[in-house]
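Source file: input_36.cif; contents: mmCIF, C-alpha atoms.
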```cif
data_work
#
loop_
_atom_site.label_atom_id
_atom_site.label_comp_id
_atom_site.auth_asym_id
_atom_site.auth_seq_id
_atom_site.Cartn_x
_atom_site.Cartn_y
_atom_site.Cartn_z
CA ALA A 18 0.00 0.00 0.00
CA GLY A 19 1.19 3.51 -0.71
CA PRO A 20 1.63 6.25 1.88
CA PRO A 21 -1.51 7.81 3.35
CA ILE A 22 -2.95 10.95 1.81
CA TRP A 23 -1.91 14.10 3.66
CA TYR A 24 -5.05 16.15 4.22
CA GLY A 25 -3.45 19.54 3.93
CA THR A 26 -4.56 21.96 1.23
CA GLY A 27 -1.75 21.13 -1.17
CA CYS A 28 1.96 20.37 -0.88
CA PRO A 29 4.07 22.48 1.47
CA ALA A 30 7.33 24.03 0.30
CA GLY A 31 10.17 21.65 -0.47
CA TYR A 32 12.85 21.01 2.11
CA SER A 33 15.78 23.45 1.90
CA PRO A 34 19.03 22.87 3.83
CA SER A 35 19.48 26.64 4.19
CA THR A 36 16.14 27.09 5.98
CA LYS A 37 15.75 27.07 9.76
CA TYR A 38 13.04 24.64 10.84
CA ASP A 39 11.18 24.53 14.15
CA ALA A 40 9.07 21.82 15.75
CA GLY A 41 5.83 21.34 13.79
CA ASP A 42 7.09 22.76 10.49
CA VAL A 43 6.00 20.72 7.45
CA VAL A 44 7.92 20.29 4.20
CA THR A 45 7.80 18.22 1.05
CA GLY A 46 10.68 15.74 0.80
CA GLY A 47 13.16 16.43 -1.96
CA ASP A 48 13.29 12.91 -3.42
CA ASP A 49 9.95 11.27 -2.76
CA GLY A 50 7.45 14.15 -2.79
CA LEU A 51 6.00 13.09 0.56
CA VAL A 52 5.10 15.43 3.40
CA TYR A 53 7.20 15.46 6.58
CA ARG A 54 6.77 17.24 9.91
CA CYS A 55 9.66 18.36 12.13
CA LEU A 56 9.49 16.56 15.49
CA ALA A 57 9.15 18.25 18.88
CA GLU A 58 12.14 19.53 20.84
CA PRO A 59 14.85 18.50 21.37
CA LYS A 60 14.73 16.38 18.19
CA SER A 61 13.64 19.44 16.19
CA LEU A 62 17.18 20.76 16.57
CA PHE A 63 18.29 18.19 13.98
CA CYS A 64 15.74 19.21 11.34
CA LYS A 65 18.21 21.51 9.58
CA MET A 66 21.34 19.44 10.02
CA VAL A 67 23.13 17.51 7.30
CA GLY A 68 22.31 13.83 7.49
CA TYR A 69 18.73 14.44 8.66
CA GLU A 70 17.14 15.56 5.39
CA PRO A 71 13.55 14.20 5.34
CA GLY A 72 13.15 10.98 3.39
CA SER A 73 16.58 11.08 1.75
CA SER A 74 19.09 10.58 4.58
CA ILE A 75 19.97 7.77 6.92
CA TYR A 76 18.87 9.54 10.11
CA TRP A 77 15.86 11.50 8.86
CA ASP A 78 13.37 9.68 11.13
CA ASN A 79 15.23 10.98 14.19
CA ALA A 80 14.13 14.50 13.24
CA TRP A 81 11.04 14.15 11.01
CA GLU A 82 7.84 12.14 10.79
CA MET A 83 6.21 11.25 7.49
CA LEU A 84 2.60 12.48 7.23
CA GLY A 85 1.63 11.24 3.80
CA SER A 86 1.48 12.24 0.14
CA CYS A 87 0.20 15.47 -1.36
CA THR A 88 -0.83 17.11 -4.60
CA GLY A 89 -0.82 20.71 -5.74
CA THR A 90 0.51 23.56 -3.66
CA LEU A 91 -0.50 25.17 -0.42
CA SER A 92 -2.67 28.26 -0.56
CA PRO A 93 -0.78 31.41 0.40
CA THR A 94 -1.08 32.32 4.04
CA GLY A 95 -2.06 35.68 5.39
CA SER A 96 0.38 38.28 6.62
CA PRO A 97 2.70 36.90 9.28
CA VAL A 98 1.89 37.66 12.90
CA TYR A 99 4.76 38.86 15.04
CA GLN A 100 4.86 38.45 18.78
CA SER A 101 6.19 41.42 20.70
CA LEU A 102 8.89 40.69 23.27
CA PRO A 103 8.57 42.36 26.67
CA ASP A 104 10.93 45.21 27.47
CA VAL A 105 13.17 44.03 30.31
CA GLY A 106 14.92 47.37 30.70
CA GLY A 107 18.69 47.63 30.68
CA CYS A 108 20.73 44.96 28.92
CA PRO A 109 22.63 42.38 30.98
CA ALA A 110 26.18 41.54 29.95
CA VAL A 111 26.66 40.03 26.50
CA TYR A 112 27.22 36.26 26.50
CA LYS A 113 30.92 35.49 26.86
CA GLY A 114 32.40 32.17 25.80
CA GLY A 115 34.26 30.46 28.62
CA ALA A 116 32.26 32.22 31.33
CA SER A 117 30.37 30.17 33.92
CA TYR A 118 26.57 30.44 33.82
CA LYS A 119 23.96 28.91 36.13
CA GLU A 120 20.16 28.66 36.04
CA LYS A 121 18.28 31.97 35.78
CA ASP A 122 21.40 33.88 34.71
CA ARG A 123 20.62 36.39 31.97
CA VAL A 124 22.72 37.52 29.01
CA SER A 125 22.08 39.64 25.93
CA ASP A 126 23.24 39.56 22.32
CA ASP A 127 24.32 42.30 19.93
CA ASN A 128 20.70 42.78 18.82
CA GLY A 129 19.40 43.59 22.30
CA ILE A 130 17.69 40.24 22.83
CA VAL A 131 17.81 38.88 26.39
CA TYR A 132 18.21 35.19 27.17
CA GLN A 133 17.80 33.36 30.47
CA CYS A 134 19.58 30.13 31.38
CA LYS A 135 17.04 27.35 31.97
CA GLU A 136 16.72 25.38 35.19
CA TYR A 137 18.91 22.46 36.23
CA PRO A 138 19.87 20.01 34.77
CA VAL A 139 19.84 21.60 31.28
CA SER A 140 21.45 24.70 32.82
CA GLN A 141 24.70 22.73 32.72
CA HIS A 142 24.79 23.40 28.96
CA CYS A 143 24.64 27.19 29.37
CA SER A 144 28.42 27.48 29.69
CA GLN A 145 29.27 24.88 27.05
CA ALA A 146 30.52 25.58 23.55
CA GLY A 147 27.84 25.02 20.92
CA PHE A 148 25.03 26.35 23.15
CA GLU A 149 25.80 30.07 22.80
CA PRO A 150 22.43 31.86 22.56
CA ASN A 151 21.47 32.24 18.91
CA ARG A 152 25.09 32.34 17.77
CA ASP A 153 26.75 29.06 16.93
CA VAL A 154 26.40 28.41 13.19
CA ALA A 155 27.77 24.87 13.57
CA THR A 156 24.89 23.82 15.83
CA PRO A 157 21.98 26.11 14.90
CA GLY A 158 19.12 25.90 17.36
CA ALA A 159 21.04 23.90 19.98
CA TRP A 160 21.00 26.96 22.23
CA LYS A 161 17.24 26.47 22.74
CA ILE A 162 18.01 23.44 24.90
CA ALA A 163 19.75 25.66 27.47
CA TRP A 164 18.39 29.19 27.00
CA THR A 165 15.00 30.92 26.81
CA VAL A 166 14.28 34.28 25.16
CA VAL A 167 12.76 36.52 27.84
CA GLY A 168 12.60 39.91 26.14
CA HIS A 169 14.49 42.77 24.58
CA CYS A 170 16.62 45.43 26.22
CA GLU A 171 18.24 48.79 25.63
CA GLY A 172 21.21 50.41 27.28
CA THR A 173 22.77 48.82 30.36
CA ILE A 174 21.45 47.70 33.72
CA ALA A 175 21.55 50.56 36.21
CA PRO A 176 24.19 50.11 38.93
CA THR A 177 22.94 49.26 42.38
CA SER A 178 23.24 51.72 45.25
CA SER A 179 26.36 51.82 47.38
CA PRO A 180 26.45 48.98 49.91
CA ASN A 181 25.86 49.72 53.58
CA TYR A 182 28.45 48.48 56.05
CA VAL A 183 27.82 47.63 59.70
CA SER A 184 30.64 48.19 62.18
CA LEU A 185 31.47 45.11 64.22
CA ALA A 186 32.56 45.20 67.83
CA ASN A 187 36.19 44.32 68.57
CA TRP A 188 36.11 40.97 70.38
CA GLY A 189 39.76 41.15 71.39
CA GLY A 190 41.57 37.82 71.24
CA CYS A 191 40.14 35.28 68.81
CA PRO A 192 38.38 32.17 70.18
CA PRO A 193 39.28 28.78 68.60
CA GLU A 194 38.74 28.43 64.87
CA PHE A 195 35.49 26.70 63.88
CA GLY A 196 36.03 22.96 63.61
CA THR A 197 39.18 22.96 65.71
CA PRO A 198 39.16 19.87 67.98
CA GLN A 199 38.83 20.82 71.65
CA SER A 200 40.00 18.79 74.61
CA TYR A 201 37.81 17.65 77.44
CA GLY A 202 38.54 15.68 80.61
CA ALA A 203 36.80 13.35 83.01
CA TYR A 204 34.47 16.08 84.19
CA GLY A 205 33.37 17.12 80.71
CA LYS A 206 33.89 20.12 78.50
CA GLY A 207 35.97 22.94 79.92
CA THR A 208 38.19 20.80 82.15
CA PRO A 209 41.98 20.88 81.68
CA GLY A 210 43.38 19.69 78.38
CA PHE A 211 45.12 16.44 77.59
CA GLY A 212 48.10 15.71 79.83
CA SER A 213 46.81 17.63 82.85
CA THR A 214 45.57 16.09 86.09
CA VAL A 215 42.02 16.78 87.09
CA GLN A 216 41.89 18.19 90.61
CA GLY A 217 40.60 15.62 93.03
CA SER A 218 41.30 12.69 90.73
CA SER A 219 44.38 10.67 89.91
CA SER A 220 42.98 9.39 86.65
CA TRP A 221 41.48 10.98 83.58
CA SER A 222 39.31 10.18 80.59
CA TRP A 223 40.29 12.36 77.64
CA GLY A 224 38.90 12.85 74.16
CA ILE A 225 38.43 15.26 71.28
CA HIS A 226 35.17 16.88 70.15
CA THR A 227 33.78 19.57 67.86
CA THR A 228 30.25 19.57 69.26
CA TYR A 229 28.94 23.07 69.97
CA GLU A 230 26.33 24.24 72.44
CA PRO A 231 24.34 27.48 72.71
CA GLY A 232 26.63 30.32 73.69
CA ASP A 233 29.82 28.73 72.32
CA VAL A 234 31.94 31.14 70.28
CA VAL A 235 34.29 30.37 67.40
CA SER A 236 36.25 32.41 64.87
CA VAL A 237 36.46 32.20 61.07
CA ASN A 238 38.90 34.46 59.20
CA GLY A 239 39.00 36.93 62.07
CA MET A 240 35.20 37.03 62.48
CA VAL A 241 33.64 35.81 65.74
CA PHE A 242 30.39 33.81 65.74
CA LYS A 243 28.25 32.66 68.66
CA CYS A 244 26.11 29.52 68.62
CA LYS A 245 22.42 30.42 68.90
CA PRO A 246 20.10 28.80 71.50
CA TRP A 247 17.34 26.42 70.49
#
```
How would this structure read if it were set down as C-alpha cells?
Amino acid sequence: AGPPIWYGTGCPAGYSPSTKYDAGDVVTGGDDGLVYRCLAEPKSLFCKMVGYEPGSSIYWDNAWEMLGSCTGTLSPTGSPVYQSLPDVGGCPAVYKGGASYKEKDRVSDDNGIVYQCKEYPVSQHCSQAGFEPNRDVATPGAWKIAWTVVGHCEGTIAPTSSPNYVSLANWGGCPPEFGTPQSYGAYGKGTPGFGSTVQGSSSWSWGIHTTYEPGDVVSVNGMVFKCKPW
C-alpha cells in the first residue's frame, strides 16, 4: 500500500538545507514528494542538520515524521503575525564564551535580545561551547536546549546603590577556629586539656570533640560567631 494521503490543502514548500526549521514545520521531501513534519524539541534541533534531510538521509526519522502524500501547492497564508517581546529594561552583559553560567542567569546579544539560562539540569549546557544563545552556526538551534528568550533590552542595567556596612565590635583575642578539635577531661567540657591532672582525681578520661552548644563562640577568618540557643 502507498503512503496515506496528507489532508493539507496542497503540498508544502520543499525542504531546503538553508532554511531554519522549528518543531511542527511541514515540508515536502526532496526525493519522494512526501510530506514530513519536524518533530518536537529537542529532536527538532536536527531538522536543519546535514544527514537528517527528510526521506533522503539515513537519520531522517530521528528528526522528522512522514505524514503522507500530497498534490498541488498550499494556498498562500495571510500576513505573518509577530509576537512582541517584553521590554526588560537595561541589557545584561553580553554572552561570553568560557564564562560560567547557572540557572536563571541572563545575558544579551548584539541585537538587544535577552536570554535566560534554563533550570537544572539543562542549565549545565549554558556554559558549554555550541550552546551560545542564537550564535553558533555549527549547531543552529542547539542553544534552545539551554536558554529561553525573555525579552528585549536597551542600554545597560543601572548600577545598584552603594552597599551599607555595619561596624562590628572588637572581640579582642580570637576564640578557637570553627572545627578545631577541643580537649575535654573526666568532668566534661571545659576541664583541663590532655596531659593535665584533674583536681581531686588521679585518673582521667580524655577525648576530642567539635560539638557546639548554645553560647559557644568560634572564629572564622578573624570574624567571631556565637552559637544560637534552640
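Note on the selection: in this file the PyMOL selection byres ((chain A and resi 229) around 10) comes out as Phe195, Gly196, His226, Thr227, Thr228, Glu230, Pro231, Gly232, Asp233, Val234, Val235, Lys243, Cys244 and Lys245 of chain A.
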Long-range neighbours of region 55-70 of chain A as a list of chain:residue names, 7 Å cut-off, all atoms listed in the file, 2 positions minimum in chain
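The residues satisfying every condition are A:Pro34, A:Thr36, A:Lys37, A:Tyr38, A:Asp39, A:Ala40, A:Gly41, A:Asp42, A:Val43, A:Tyr53, A:Gly72, A:Ser73, A:Ser74, A:Ile75, A:Tyr76, A:Trp77, A:Asn79, A:Ala80, A:Trp81, A:Glu82, A:Gly158, A:Ala159, A:Ile162.
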Write the selection just made, keeping C-alpha atoms, as a tab-separated table (two decimals), in the coordinates of the input?
```
chain	number	residue	atom	x	y	z
A	34	PRO	CA	19.03	22.87	3.83
A	36	THR	CA	16.14	27.09	5.98
A	37	LYS	CA	15.75	27.07	9.76
A	38	TYR	CA	13.04	24.64	10.84
A	39	ASP	CA	11.18	24.53	14.15
A	40	ALA	CA	9.07	21.82	15.75
A	41	GLY	CA	5.83	21.34	13.79
A	42	ASP	CA	7.09	22.76	10.49
A	43	VAL	CA	6.00	20.72	7.45
A	53	TYR	CA	7.20	15.46	6.58
A	72	GLY	CA	13.15	10.98	3.39
A	73	SER	CA	16.58	11.08	1.75
A	74	SER	CA	19.09	10.58	4.58
A	75	ILE	CA	19.97	7.77	6.92
A	76	TYR	CA	18.87	9.54	10.11
A	77	TRP	CA	15.86	11.50	8.86
A	79	ASN	CA	15.23	10.98	14.19
A	80	ALA	CA	14.13	14.50	13.24
A	81	TRP	CA	11.04	14.15	11.01
A	82	GLU	CA	7.84	12.14	10.79
A	158	GLY	CA	19.12	25.90	17.36
A	159	ALA	CA	21.04	23.90	19.98
A	162	ILE	CA	18.01	23.44	24.90
```
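For the pair CA of Phe148 (chain A) and CA of Lys119 (chain A), the separation is 13.3 Å.
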CA of Val241 (chain A) to CA of Trp188 (chain A), straight-line distance in Å:
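Between CA of Trp188 (chain A) and CA of Val241 (chain A) the gap is 7.4 Å.
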Calculate how many Å separate CA of Pro103 (chain A) from CA of Cys170 (chain A), rounding to one decimal.
8.6 Å
Which residue, A:Met240, A:Pro246, A:Gly172, A:Leu84, has the smallest gap to Gly106 (chain A) when you use only C-alpha atoms?
A:Gly172
If I put a ball of radius 6 Å at (17.7, 44.1, 25.7) in the file's coordinates, which residues poke into it when counting all atoms listed in the file, written as a PyMOL selection string?
chain A and resi 108+129-131+169-171
Tell me which residues the PyMOL selection byres ((chain A and resi 164) around 10) grabs here, as a list in words.
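With the PyMOL selection byres ((chain A and resi 164) around 10) on this model, the match is Glu120, Lys121, Asp122, Arg123, Val124, Val131, Tyr132, Gln133, Cys134, Lys135, Glu136, Val139, Ser140, His142, Cys143, Phe148, Glu149, Pro150, Asn151, Ala159, Trp160, Lys161, Ile162, Ala163, Thr165, Val166 and Val167 of chain A.
Using only C-alpha atoms, the smallest distance between any of A:Pro193, A:Gly115, A:Gly85, A:Gly168 and Pro29 (chain A) comes from A:Gly85.
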